[in-house]
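Novice: Pasting work29.txt here (compact mmCIF, C-alpha atoms and all ligand atoms):
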```txt
# COMPACT_ATOMS: atom_id res chain seq x y z
CA MET A 1 -17.12 -19.88 261.13
CA THR A 2 -14.01 -20.60 263.19
CA GLN A 3 -10.82 -21.73 261.50
CA ASN A 4 -11.14 -25.22 262.97
CA GLN A 5 -14.43 -25.98 261.28
CA PRO A 6 -14.17 -27.62 257.86
CA SER A 7 -15.50 -25.54 255.02
CA PRO A 8 -18.85 -26.90 253.76
CA THR A 9 -17.42 -26.86 250.24
CA ALA A 10 -14.14 -28.59 251.14
CA THR A 11 -13.26 -31.60 249.00
CA PRO A 12 -10.09 -33.71 249.13
CA GLU A 13 -9.01 -32.11 245.82
CA ARG A 14 -9.56 -28.58 247.10
CA GLU A 15 -7.79 -29.33 250.34
CA ALA A 16 -4.85 -30.83 248.44
CA ALA A 17 -4.76 -27.71 246.27
CA GLY A 18 -4.55 -25.58 249.40
CA THR A 19 -1.71 -27.62 250.93
CA PRO A 20 1.64 -25.87 250.82
CA ILE A 21 4.14 -27.69 248.66
CA VAL A 22 6.95 -25.42 249.85
CA VAL A 23 7.31 -23.94 253.31
CA VAL A 24 10.18 -21.54 253.90
CA ASP A 25 10.41 -20.83 257.63
CA ASP A 26 12.69 -18.10 258.97
CA VAL A 27 15.47 -18.95 256.56
CA HIS A 28 18.82 -17.26 256.95
CA HIS A 29 21.78 -17.79 254.70
CA SER A 30 25.27 -16.34 254.90
CA PHE A 31 28.29 -16.79 252.70
CA GLY A 32 31.59 -16.76 254.57
CA SER A 33 31.97 -15.86 258.22
CA GLY A 34 33.19 -13.14 260.53
CA PRO A 35 33.30 -9.52 259.38
CA GLN A 36 33.53 -10.63 255.73
CA ALA A 37 30.26 -12.63 255.88
CA VAL A 38 27.58 -11.79 253.33
CA HIS A 39 24.10 -12.23 254.81
CA ALA A 40 22.17 -13.07 251.65
CA LEU A 41 18.94 -14.10 253.43
CA ARG A 42 17.90 -12.63 256.79
CA GLY A 43 14.83 -14.47 258.05
CA VAL A 44 12.65 -15.28 255.02
CA SER A 45 9.30 -17.00 255.57
CA PHE A 46 6.60 -17.81 253.03
CA GLU A 47 4.57 -20.71 251.70
CA ILE A 48 3.72 -21.82 248.20
CA ARG A 49 0.50 -23.69 247.65
CA ARG A 50 0.28 -26.53 245.18
CA GLY A 51 -0.52 -25.31 241.68
CA GLU A 52 0.57 -21.71 242.23
CA LEU A 53 2.84 -19.67 239.99
CA ILE A 54 4.87 -17.44 242.27
CA ALA A 55 7.07 -14.64 240.97
CA LEU A 56 10.07 -13.86 243.14
CA ARG A 57 11.03 -10.26 242.53
CA GLY A 58 13.88 -8.18 243.83
CA ARG A 59 16.87 -6.13 242.81
CA SER A 60 20.15 -7.69 241.85
CA GLY A 61 21.78 -9.01 245.01
CA SER A 62 18.52 -9.19 247.01
CA GLY A 63 18.91 -12.95 247.48
CA LYS A 64 16.66 -14.46 244.79
CA THR A 65 19.12 -17.01 243.42
CA THR A 66 20.24 -17.96 246.92
CA LEU A 67 16.62 -18.62 247.90
CA LEU A 68 15.82 -20.58 244.72
CA ASN A 69 18.92 -22.74 245.19
CA LEU A 70 18.04 -23.54 248.79
CA VAL A 71 14.41 -24.41 247.93
CA GLY A 72 15.80 -26.62 245.15
CA GLY A 73 18.04 -28.47 247.60
CA LEU A 74 21.22 -26.98 246.17
CA GLY A 75 22.82 -26.18 249.52
CA THR A 76 21.60 -25.98 253.09
CA PRO A 77 20.48 -22.76 254.79
CA THR A 78 22.64 -21.53 257.64
CA GLY A 79 19.42 -21.03 259.66
CA GLY A 80 15.72 -21.85 259.52
CA ARG A 81 13.86 -24.61 257.77
CA ILE A 82 12.64 -25.47 254.27
CA THR A 83 10.13 -28.24 253.63
CA VAL A 84 9.13 -29.51 250.20
CA ASP A 85 5.95 -31.57 250.12
CA GLY A 86 6.20 -32.10 253.87
CA THR A 87 9.83 -33.23 253.86
CA ASP A 88 12.30 -31.13 255.83
CA LEU A 89 15.24 -30.74 253.44
CA ALA A 90 17.62 -30.83 256.42
CA SER A 91 16.53 -34.43 257.03
CA LEU A 92 17.74 -35.49 253.58
CA GLY A 93 21.39 -36.39 253.10
CA GLU A 94 23.25 -35.66 249.86
CA THR A 95 21.69 -38.74 248.22
CA GLY A 96 18.21 -37.72 249.34
CA LEU A 97 18.69 -34.19 248.02
CA LEU A 98 19.99 -35.58 244.74
CA ALA A 99 16.89 -37.77 244.41
CA LEU A 100 14.65 -34.80 245.26
CA ARG A 101 16.30 -32.65 242.58
CA ARG A 102 16.15 -35.45 240.03
CA ASP A 103 12.64 -36.74 240.68
CA ARG A 104 10.56 -33.92 242.11
CA ILE A 105 11.99 -30.62 240.88
CA GLY A 106 12.61 -29.26 237.39
CA PHE A 107 15.09 -26.41 236.94
CA VAL A 108 15.08 -23.70 234.25
CA PHE A 109 18.00 -21.26 234.05
CA GLN A 110 18.58 -17.93 232.35
CA SER A 111 21.32 -19.44 230.19
CA PHE A 112 19.13 -22.40 229.08
CA GLY A 113 21.82 -24.93 230.11
CA LEU A 114 21.31 -27.27 227.17
CA ILE A 115 24.05 -29.67 226.07
CA PRO A 116 25.23 -28.36 222.67
CA VAL A 117 26.11 -31.72 221.10
CA LEU A 118 22.74 -33.30 221.87
CA THR A 119 19.55 -32.83 219.87
CA ALA A 120 16.51 -31.16 221.45
CA ALA A 121 14.95 -34.58 222.07
CA GLU A 122 18.16 -35.94 223.59
CA ASN A 123 18.44 -32.89 225.87
CA VAL A 124 14.89 -33.47 227.10
CA GLY A 125 15.84 -37.12 227.64
CA VAL A 126 18.79 -36.36 229.94
CA PRO A 127 16.84 -36.29 233.26
CA MET A 128 15.07 -39.50 232.21
CA ARG A 129 18.44 -41.14 231.56
CA LEU A 130 19.42 -40.25 235.12
CA ARG A 131 16.34 -42.18 236.23
CA ARG A 132 17.35 -45.04 233.93
CA LEU A 133 14.15 -44.98 231.89
CA PRO A 134 14.31 -47.31 228.86
CA ALA A 135 15.36 -45.59 225.62
CA LYS A 136 12.02 -46.10 223.85
CA GLU A 137 10.06 -44.59 226.73
CA ARG A 138 12.51 -41.68 226.89
CA GLU A 139 12.19 -40.95 223.20
CA GLU A 140 8.40 -41.09 223.24
CA ARG A 141 8.13 -38.86 226.28
CA ALA A 142 10.68 -36.38 224.90
CA ARG A 143 8.61 -36.05 221.72
CA THR A 144 5.38 -35.59 223.68
CA LEU A 145 7.00 -32.87 225.79
CA LEU A 146 8.52 -31.13 222.78
CA ALA A 147 5.06 -31.10 221.17
CA LEU A 148 3.66 -29.62 224.40
CA VAL A 149 6.10 -26.70 224.21
CA GLY A 150 5.41 -26.18 220.51
CA LEU A 151 8.58 -27.77 219.13
CA ALA A 152 7.27 -31.00 217.60
CA ASP A 153 9.13 -30.25 214.36
CA HIS A 154 12.46 -29.41 216.02
CA ALA A 155 13.22 -32.62 217.92
CA GLU A 156 16.34 -33.43 215.88
CA GLN A 157 17.88 -29.96 215.96
CA ARG A 158 20.78 -29.09 218.22
CA PRO A 159 20.65 -26.02 220.50
CA GLY A 160 22.90 -24.03 218.14
CA GLU A 161 20.30 -24.47 215.41
CA LEU A 162 17.48 -23.09 217.57
CA SER A 163 16.54 -19.52 218.58
CA GLY A 164 16.91 -18.42 222.21
CA GLY A 165 13.17 -18.75 222.77
CA GLN A 166 13.16 -22.22 221.25
CA GLN A 167 16.11 -23.24 223.41
CA GLN A 168 14.26 -22.08 226.51
CA ARG A 169 11.21 -24.09 225.39
CA VAL A 170 13.46 -27.16 225.18
CA ALA A 171 14.69 -26.34 228.70
CA VAL A 172 11.08 -26.16 229.95
CA ALA A 173 10.35 -29.52 228.31
CA ARG A 174 13.47 -30.92 229.98
CA ALA A 175 12.34 -29.52 233.34
CA LEU A 176 9.07 -31.46 232.88
CA ALA A 177 10.81 -34.69 231.90
CA ASN A 178 10.44 -36.47 235.23
CA ASP A 179 6.96 -35.12 235.92
CA PRO A 180 8.07 -32.80 238.74
CA ASP A 181 5.88 -31.31 241.45
CA LEU A 182 7.81 -28.07 241.38
CA ILE A 183 9.62 -26.04 238.72
CA ILE A 184 12.23 -23.54 239.84
CA ALA A 185 13.11 -20.98 237.20
CA ASP A 186 15.86 -18.39 237.72
CA GLU A 187 15.37 -15.42 235.36
CA PRO A 188 14.20 -17.73 232.56
CA THR A 189 13.52 -14.80 230.24
CA GLY A 190 16.63 -12.79 231.07
CA GLN A 191 18.27 -13.49 227.70
CA LEU A 192 15.13 -13.14 225.61
CA ASP A 193 13.37 -10.19 224.01
CA LEU A 194 10.12 -9.01 225.59
CA GLU A 195 7.73 -10.90 223.35
CA THR A 196 9.68 -14.17 223.47
CA GLY A 197 10.06 -13.81 227.23
CA ARG A 198 6.33 -13.37 227.58
CA SER A 199 5.67 -16.49 225.51
CA ILE A 200 7.96 -18.47 227.85
CA MET A 201 6.11 -17.15 230.89
CA GLU A 202 2.79 -17.99 229.22
CA LEU A 203 4.13 -21.48 228.63
CA LEU A 204 4.97 -21.80 232.33
CA ARG A 205 1.49 -20.47 233.13
CA ALA A 206 -0.06 -23.14 230.86
CA VAL A 207 2.09 -25.84 232.46
CA VAL A 208 0.85 -24.84 235.92
CA ARG A 209 -2.76 -25.14 234.74
CA GLY A 210 -2.46 -28.22 232.54
CA LYS A 211 0.00 -30.37 234.43
CA ASP A 212 -0.74 -29.34 238.00
CA VAL A 213 2.83 -28.21 238.55
CA THR A 214 3.87 -25.47 240.95
CA VAL A 215 6.29 -22.85 239.63
CA LEU A 216 8.62 -20.51 241.52
CA VAL A 217 10.17 -18.05 239.11
CA ALA A 218 12.66 -15.27 239.82
CA THR A 219 12.22 -12.36 237.47
CA HIS A 220 12.77 -8.64 237.14
CA ASP A 221 10.37 -8.35 234.25
CA PRO A 222 7.07 -6.54 235.07
CA ASN A 223 5.43 -8.12 232.01
CA LEU A 224 6.02 -11.53 233.48
CA ILE A 225 5.10 -10.60 237.01
CA GLU A 226 1.52 -9.87 235.94
CA LEU A 227 1.14 -13.51 234.85
CA ALA A 228 1.93 -14.78 238.35
CA ASP A 229 -0.67 -15.73 240.94
CA ARG A 230 1.34 -14.05 243.65
CA VAL A 231 4.46 -11.96 244.01
CA VAL A 232 7.05 -12.41 246.72
CA GLU A 233 9.41 -9.48 246.90
CA LEU A 234 12.88 -9.67 248.41
CA ARG A 235 14.88 -6.67 249.48
CA ASP A 236 18.29 -7.09 251.12
CA GLY A 237 17.51 -10.68 252.06
CA ARG A 238 14.09 -9.95 253.56
CA ILE A 239 10.56 -10.22 252.22
CA VAL A 240 8.92 -6.86 251.80
CA GLU A 241 5.50 -7.39 250.36
CA PRO A 242 4.00 -10.81 250.01
CA GLY A 243 0.45 -10.70 248.70
CA ALA A 244 -1.99 -11.43 245.94
CA ASN A 245 -1.05 -10.26 242.47
CA ASP A 246 -4.32 -8.45 241.99
CA GLY A 247 -2.91 -5.59 239.96
CA THR A 248 -3.07 -3.10 242.82
CA PRO A 249 0.08 -1.03 243.26
N1 LIG A 301 28.79 -18.06 246.49
C1 LIG A 301 28.72 -16.84 247.04
N2 LIG A 301 29.73 -16.39 247.82
C2 LIG A 301 29.68 -15.18 248.41
N3 LIG A 301 28.62 -14.34 248.27
C3 LIG A 301 27.60 -14.74 247.50
C4 LIG A 301 27.60 -16.01 246.84
N4 LIG A 301 26.43 -16.13 246.15
C5 LIG A 301 25.74 -14.98 246.35
N5 LIG A 301 26.44 -14.15 247.16
C6 LIG A 301 25.99 -12.84 247.64
O1 LIG A 301 24.72 -12.98 248.24
C7 LIG A 301 23.88 -11.87 247.93
C8 LIG A 301 22.62 -12.38 247.23
O2 LIG A 301 22.99 -12.90 245.95
P1 LIG A 301 21.94 -13.60 244.96
O3 LIG A 301 22.71 -14.13 243.80
O4 LIG A 301 21.10 -14.54 245.73
O5 LIG A 301 21.04 -12.34 244.52
P2 LIG A 301 20.01 -12.20 243.31
O6 LIG A 301 18.84 -11.44 243.86
O7 LIG A 301 19.74 -13.51 242.70
O8 LIG A 301 20.81 -11.29 242.30
P3 LIG A 301 20.76 -11.27 240.67
O9 LIG A 301 19.40 -10.75 240.30
O10 LIG A 301 21.86 -10.33 240.31
O11 LIG A 301 21.00 -12.67 240.20
C9 LIG A 301 24.72 -10.93 247.08
O12 LIG A 301 25.28 -9.96 247.93
C10 LIG A 301 25.79 -11.83 246.51
O13 LIG A 301 26.97 -11.11 246.24
```
Starting from the file, lay out its structure as structure tokens.
Ligand SMILES: Nc1ncnc2c1ncn2[C@@H]1O[C@H](COP(=O)(O)OP(=O)(O)OP(=O)(O)O)[C@@H](O)[C@H]1O

Specialist:
Amino acid sequence: MTQNQPSPTATPEREAAGTPIVVVDDVHHSFGSGPQAVHALRGVSFEIRRGELIALRGRSGSGKTTLLNLVGGLGTPTGGRITVDGTDLASLGETGLLALRRDRIGFVFQSFGLIPVLTAAENVGVPMRLRRLPAKEREERARTLLALVGLADHAEQRPGELSGGQQQRVAVARALANDPDLIIADEPTGQLDLETGRSIMELLRAVVRGKDVTVLVATHDPNLIELADRVVELRDGRIVEPGANDGTP
């Protein structure tokens, strides 16, 4: 069968599942200019299909955070093109990028990034506030999401009263608040012990399956990498071995 012929088993759902939600095309990014310039990304290309969990692996300084930030619309690459759900990020102004980050993308950070004076439920409600959702709807949705991440009984606790793993669960619930298409997670388990880190990665895995979200996660942790559908490896700003995470060395 040639590539142009439709597959006999193709359905709209399957085709949608095969559509890339993120396309990174020959992306370069430098900090500074002249002889002092740091070339963090040197021609990175890859695609992420809808509903995939991709692990972005690479040594410290290989460009992972730079790439995650650019895919998340936090900055503009100095070369190349990034599209999210068919939209070229370069075509969006600051307001458009802000709306993309608020409405379509959830972020999870190594340091959790919760607001200490707010309860878990209020933290989860923050992105919904930015979308001006009514208070009642916010509260209900925050409780549903906290139940989803296993924290139904902790809604009224503040971050300081929660363990690191629980705080990261709140952060995952917050990332889901506006029903994003894509979650970008930068070393989400970096401050957690092995077992807790694995439970966070399993949570992300479950979110991909249950909520049809796509996840791009930067991690060093081999225990987490095995839970990914695919690994993208960066070395010195270049991709070295994209491919299926089939357990082969
Ligand atoms: N704002 C910046 N200004 C100048 N150089 C930067 C800046 N941000 C990152 N860099 C440089 O770009 C390169 C890639 O950094 P990046 O943070 O993307 O790597 P990383 O793979 O995420 O590393 P880590 O695992 O340590 O977080 C590094 O050489 C870094 O020093």

Novice: I'd like the interatomic distance between atom CA of A:Pro180 and atom CA of A:Gln167, to a tenth of an Å.

Specialist: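 Interatomic distance here is 19.8 Å.
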
Novice: Residues within 9 Å of A:Val172, please, as a PyMOL selection string. Count all atoms listed in the file; anything in the same chain fewer than 6 positions from it doesn't count.

Specialist: chain A and resi 106-108+112+124+145+149+183+200+203-204

Novice: Could you save the residues just selected, with C-alpha atoms, as a JSON list (two decimals), keeping the file's coordinate frame?

Specialist:
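Okay, this is what ended up in result08.json:
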```
[["chain", "number", "residue", "atom", "x", "y", "z"],
["A", 106, "GLY", "CA", 12.61, -29.26, 237.39],
["A", 107, "PHE", "CA", 15.09, -26.41, 236.94],
["A", 108, "VAL", "CA", 15.08, -23.70, 234.25],
["A", 112, "PHE", "CA", 19.13, -22.40, 229.08],
["A", 124, "VAL", "CA", 14.89, -33.47, 227.10],
["A", 145, "LEU", "CA", 7.00, -32.87, 225.79],
["A", 149, "VAL", "CA", 6.10, -26.70, 224.21],
["A", 183, "ILE", "CA", 9.62, -26.04, 238.72],
["A", 200, "ILE", "CA", 7.96, -18.47, 227.85],
["A", 203, "LEU", "CA", 4.13, -21.48, 228.63],
["A", 204, "LEU", "CA", 4.97, -21.80, 232.33]]
```

Novice: Counting all atoms listed in the file, which residue out of A:Gly150, A:Pro134, A:Gly237, A:Gly61 sits closest to ligand LIG 301 (chain A)?

Specialist: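 Of A:Gly150, A:Pro134, A:Gly237, A:Gly61, the one nearest ligand LIG 301 (chain A) is A:Gly61, counting all atoms listed in the file.
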
Novice: What's the 12 Å shell around A:Arg50, counting all atoms listed in the file, without same-chain residues fewer than 2 positions away, as a PyMOL selection string?

Specialist: chain A and resi 13-23+47-48+52-54+84-86+180-183+208-209+211-216+229

Novice: Show me which residues are within 7 Å of ligand LIG 301 (chain A) counting all atoms listed in the file, and format the list as a ChimeraX atom specification.

Specialist: /A:31-32,38-40,58-67

Novice: For A:Asp88, work out the shell of residues within 12 Å, counting only C-alpha atoms and skipping chain neighbours fewer than 5 positions away, then give it as a list in words.

Specialist: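 After dropping sequence-adjacent residues, the list is Ile21, Val22, Val23, Val24, Asp25, Leu70, Val71, Gly73, Thr76, Pro77, Gly80, Arg81, Ile82, Thr83, Gly93, Gly96, Leu97 and Leu100 of chain A.
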
Novice: Would you please work out which residue, of A:Ala155, A:Leu98, A:Leu92, A:Met128, is nearest to A:Val170 when using all atoms listed in the file?

Specialist: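 Looking only at the distances to A:Val170, the closest residue turns out to be A:Ala155.
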
Novice: With all atoms listed in the file as the basis for distance, which of A:Leu74, A:Ala99, A:Ala152, A:Ala175 is at the shortest distance from A:Asn123?

Specialist: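 That would be A:Ala175, the residue with the smallest distance to A:Asn123.
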
Novice: For A:Ala55, which residue out of A:Lys136, A:His220, A:Arg158, A:His28 is the nearest one, using all atoms listed in the file?

Specialist: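 Result for the nearest residue to A:Ala55: A:His220.
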
Novice: With distances taken over only C-alpha atoms, which residue among A:His29, A:Arg169, A:Arg141, A:Arg57 lies nearest A:Leu41?

Specialist: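 Closest candidate: A:His29.
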
Novice: Point out the residue among A:Leu148, A:Leu176, A:Ala121, A:Leu56 with the least atom-to-atom distance to A:Arg104, counting only C-alpha atoms.

Specialist: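 Among the listed residues, the smallest separation from A:Arg104 belongs to A:Leu176.
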
Novice: Would you list the contacts of A:Gly72 as a ChimeraX atom specification, taking every protein, DNA or RNA residue within 8 Å and counting only C-alpha atoms, but skipping same-chain residues closer than 4 positions in sequence?

Specialist: /A:68,101,105,184

Novice: Just the residues within 8 Å of A:Pro188, please, counting all atoms listed in the file, with nothing from its chain fewer than 6 positions along; format it as a list in words.

Specialist: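 Final neighbour list, sorted by chain and number: Val108, Phe109, Gln110, Ser111, Phe112, Gln168, Gly197, Ile200, Val217, Ala218 and Thr219 of chain A.
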
Novice: The centre and edge lengths of an axis-aligned box containing all atoms of stretch 196-199 of chain A present in the file, extended by 5 Å on each side, are to be given in Å to one decimal, as AutoDock Vina command-line options.

Specialist:
```
--center_x 7.9 --center_y -14.9 --center_z 225.5 --size_x 14.4 --size_y 13.1 --size_z 14.1
```
